[in-house]
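**Q** One file: run.cif (mmCIF, C-alpha atoms).
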```
data_upload
#
loop_
_atom_site.label_atom_id
_atom_site.label_comp_id
_atom_site.auth_asym_id
_atom_site.auth_seq_id
_atom_site.Cartn_x
_atom_site.Cartn_y
_atom_site.Cartn_z
CA MET A 14 -23.21 -5.63 9.91
CA LYS A 15 -20.79 -3.17 8.33
CA THR A 16 -21.41 0.57 8.34
CA SER A 17 -21.27 2.57 5.14
CA GLU A 18 -17.95 4.05 6.31
CA GLU A 19 -16.53 0.56 6.77
CA GLU A 20 -17.73 -0.39 3.28
CA LEU A 21 -15.97 2.69 1.89
CA LEU A 22 -12.76 1.83 3.69
CA ILE A 23 -12.89 -1.75 2.42
CA GLU A 24 -13.31 -0.34 -1.10
CA ALA A 25 -10.24 1.85 -0.55
CA ILE A 26 -8.18 -1.08 0.79
CA ILE A 27 -9.09 -3.18 -2.25
CA LEU A 28 -8.03 -0.35 -4.57
CA PHE A 29 -4.82 0.09 -2.57
CA GLU A 30 -3.99 -3.62 -2.89
CA GLU A 31 -4.62 -3.51 -6.63
CA LYS A 32 -2.53 -0.38 -7.14
CA ALA A 33 0.31 -1.65 -4.92
CA SER A 34 0.50 -4.90 -6.91
CA GLU A 35 0.34 -2.98 -10.18
CA MET A 36 3.24 -0.75 -9.17
CA ILE A 37 5.36 -3.67 -7.91
CA ASN A 38 4.72 -5.54 -11.16
CA LEU A 39 5.75 -2.48 -13.20
CA LEU A 40 8.93 -2.26 -11.14
CA ALA A 41 9.61 -5.98 -11.61
CA GLU A 42 9.09 -5.67 -15.35
CA LYS A 43 11.36 -2.65 -15.67
CA PHE A 44 14.23 -4.30 -13.77
CA GLN A 45 13.55 -7.94 -14.77
CA LEU A 46 12.90 -8.99 -11.17
CA ASP A 47 11.64 -12.45 -10.34
CA LEU A 48 9.03 -11.74 -7.67
CA SER A 49 8.90 -15.40 -6.70
CA ARG A 50 12.50 -15.27 -5.46
CA HIS A 51 13.43 -14.62 -1.84
CA ASN A 52 14.30 -10.91 -1.56
CA PRO A 53 13.58 -10.06 -5.22
CA PHE A 54 14.41 -6.36 -4.71
CA SER A 55 17.98 -6.85 -3.45
CA LYS A 56 19.66 -5.22 -6.47
CA LEU A 57 17.43 -2.15 -6.09
CA LEU A 58 18.14 -1.63 -2.40
CA LEU A 59 21.85 -0.89 -2.83
CA ARG A 60 22.79 2.77 -2.66
CA GLN A 61 25.94 2.12 -4.73
CA ASN A 62 24.13 1.45 -8.00
CA ASN A 63 21.64 4.34 -7.69
CA LEU A 64 18.75 2.04 -8.60
CA TRP A 65 17.09 2.64 -5.22
CA LYS A 66 15.22 5.63 -6.65
CA GLY A 67 14.27 6.98 -10.01
CA ASN A 68 11.60 7.21 -12.66
CA LEU A 69 9.54 4.08 -13.06
CA ASN A 70 8.02 5.44 -16.25
CA GLU A 71 6.82 8.81 -17.54
CA GLU A 72 4.09 8.95 -14.85
CA TRP A 73 5.64 7.51 -11.69
CA ILE A 74 8.73 7.94 -9.54
CA TYR A 75 9.83 5.38 -6.95
CA TRP A 76 12.23 5.17 -4.05
CA PHE A 77 13.15 2.42 -1.62
CA HIS A 78 13.62 3.02 2.08
CA GLY A 79 13.61 0.62 4.98
CA ASP A 80 11.17 -2.20 4.27
CA ALA A 81 9.14 -0.31 1.68
CA CYS A 82 9.07 1.18 -1.76
CA ASP A 83 7.18 4.42 -2.24
CA PHE A 84 5.64 5.52 -5.50
CA GLU A 85 4.35 8.94 -6.44
CA ASN A 86 2.50 9.96 -9.56
CA ILE A 87 4.30 12.94 -11.05
CA LYS A 88 1.09 14.68 -12.20
CA THR A 89 -1.61 13.70 -9.70
CA LYS A 90 0.67 13.29 -6.65
CA GLN A 91 -1.06 10.01 -5.81
CA TYR A 92 1.15 8.36 -3.19
CA ILE A 93 1.56 4.64 -2.57
CA HIS A 94 3.69 3.10 0.18
CA VAL A 95 4.29 -0.60 -0.45
CA LYS A 96 5.86 -2.97 2.09
CA ILE A 97 8.31 -5.21 0.21
CA ASN A 98 9.30 -7.70 2.89
CA ARG A 99 5.89 -9.18 3.63
CA ALA A 100 6.09 -12.39 1.57
CA SER A 101 4.42 -10.92 -1.51
CA ASN A 102 1.66 -9.26 0.51
CA TYR A 103 2.12 -5.92 -1.19
CA GLY A 104 -1.23 -4.75 0.16
CA ALA A 105 0.03 -4.74 3.76
CA ILE A 106 -1.71 -1.96 5.66
CA ASP A 107 0.13 0.84 7.38
CA ASN A 108 -2.40 3.27 8.89
CA PHE A 109 -0.55 6.48 8.07
CA TYR A 110 0.27 5.52 4.49
CA LEU A 111 -3.10 3.98 3.68
CA PHE A 112 -4.77 7.20 4.83
CA LYS A 113 -2.31 9.17 2.67
CA PHE A 114 -3.13 6.94 -0.31
CA ILE A 115 -6.83 7.63 0.16
CA ARG A 116 -6.24 11.38 0.46
CA THR A 117 -4.10 11.50 -2.71
CA SER A 118 -6.24 9.23 -4.93
CA ASP A 119 -8.68 11.06 -7.18
CA SER A 120 -10.77 7.90 -7.57
CA LEU A 121 -11.25 7.83 -3.78
CA ARG A 122 -12.34 11.43 -3.38
CA ASN A 123 -15.77 10.25 -2.19
CA VAL A 124 -14.09 8.17 0.53
CA SER A 125 -11.86 11.02 1.73
CA GLU A 126 -14.85 13.37 1.87
CA ILE A 127 -16.65 11.02 4.26
CA ILE A 128 -13.65 9.61 6.13
CA ASN A 129 -12.17 13.05 6.47
CA SER A 130 -9.87 12.80 9.48
CA GLU A 131 -7.09 10.50 10.53
CA SER A 132 -8.80 9.78 13.85
CA MET A 133 -12.02 8.74 12.08
CA PHE A 134 -10.00 6.60 9.68
CA ASN A 135 -8.15 4.89 12.55
CA GLU A 136 -11.40 4.21 14.40
CA ILE A 137 -13.02 2.62 11.34
CA LEU A 138 -9.90 0.55 10.61
CA SER A 139 -9.84 -0.57 14.25
CA ASN A 140 -13.46 -1.74 13.92
CA LEU A 141 -12.53 -3.70 10.80
CA GLU A 142 -9.77 -5.39 12.79
CA LYS A 143 -12.10 -6.17 15.70
CA ASN A 144 -14.50 -7.80 13.25
CA LYS A 145 -11.60 -9.71 11.62
CA ILE A 146 -12.15 -8.06 8.24
CA VAL A 147 -8.58 -6.81 8.52
CA VAL A 148 -6.21 -9.38 10.03
CA ASN A 149 -2.58 -9.74 10.98
CA ILE A 150 -1.07 -12.63 9.01
CA ASP A 151 2.32 -12.39 10.68
CA LYS A 152 3.62 -13.74 13.97
CA TRP A 153 3.90 -11.38 16.90
CA PRO A 154 5.64 -8.94 17.21
CA LEU A 155 5.58 -8.39 13.45
CA GLN A 156 2.52 -6.91 11.83
CA THR A 157 1.36 -7.61 8.32
CA ARG A 158 -2.24 -6.50 8.33
CA VAL A 159 -4.25 -7.28 5.21
CA LEU A 160 -7.84 -7.52 4.14
CA ASN A 161 -9.24 -10.89 5.18
CA LYS A 162 -10.88 -11.91 1.93
CA THR A 163 -12.41 -15.03 3.49
CA THR A 164 -14.62 -13.19 5.98
CA PHE A 165 -16.16 -10.29 4.16
CA ILE A 166 -18.58 -9.86 1.31
CA THR A 167 -18.69 -6.56 -0.52
#
```
Kindly present the structure from the file in structure tokens form.
**A**
Amino acid sequence: MKTSEEELLIEAIILFEEKASEMINLLAEKFQLDLSRHNPFSKLLLRQNNLWKGNLNEEWIYWFHGDACDFENIKTKQYIHVKINRASNYGAIDNFYLFKFIRTSDSLRNVSEIINSESMFNEILSNLEKNKIVVNIDKWPLQTRVLNKTTFIT
């Protein structure tokens, strides 16, 4: 049985996955990227062409670093960190950045009021992992943790 805090975190993870996919699709559309290709972001990762950062549109900026692309809303400061090397699993969970997404998302204000510390967030996320609601879909030592849509019912 899930606690209300776990339900709230699942809600936030679902919203994160949706927003991450939306942002990646906007990026793909802007730069005519074929997301089905191996390494579809290669032309954006090069520092020489200055495409590694910039305005995505009038609302969002983006920048690539390491194995991720970060997006920030210019007005609301909503922040989204999206792993780009996880075989199209753009909703891969990174504790620090998922917590930051929750804290910067107006639509998740109710979640951040209840899950109001990083330690509480980490404990709840750990419980979701123990109950296999969040799972690692990668081979050790890599971690690509995602919501296990086959084991939970919201």
**Q** Determine the residue set returned by the PyMOL selection byres ((chain A and resi 82-88) around 9) for the present structure, and present it as a PyMOL selection string.
**A** chain A and resi 33+36-37+65+69+71-81+89-97
**Q** If you measure from atom CA of Ile115 of chain A to atom CA of Arg158 of chain A, what distance in Å do you get, rounded to one decimal?
**A** 17.0 Å
**Q** Between atom CA of Asn149 of chain A and atom CA of Glu30 of chain A, measure the distance and give it in Å to one decimal.
**A** 15.2 Å
**Q** Taking all atoms listed in the file into account, which of A:Phe109, A:Ile137, A:Leu59, A:Gly104 comes nearest Leu160 of chain A?
**A**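 Nearest candidate to Leu160 of chain A out of A:Phe109, A:Ile137, A:Leu59, A:Gly104: A:Gly104.
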**Q** Counting all atoms listed in the file, figure out which residue out of A:Ala100, A:Leu58, A:Leu39, A:Ile106 gets nearest to Ser139 of chain A.
**A**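 Checking each candidate against Ser139 of chain A, we get A:Ile106 as the closest.
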**Q** Tell me, as a ChimeraX atom specification, which residues lie within 12 Å of Leu138 of chain A, counting all atoms listed in the file; anything in the same chain fewer than 5 positions away does not count.
**A** /A:15-16,18-23,25-26,106-109,111-112,128,131-133,143-148,158-160
**Q** Applying 12 Å and all atoms listed in the file, which residues near Asn38 of chain A remain after dropping the ones on its own chain fewer than 2 positions away? List them as a ChimeraX atom specification.
**A** /A:31-36,40-49,53-54,69,95,97,101,103
**Q** Do you have the atom CA of Ser55 of chain A-atom CA of Thr157 of chain A distance handy?
**A**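 Going from atom CA of Ser55 of chain A over to atom CA of Thr157 of chain A covers 20.4 Å.
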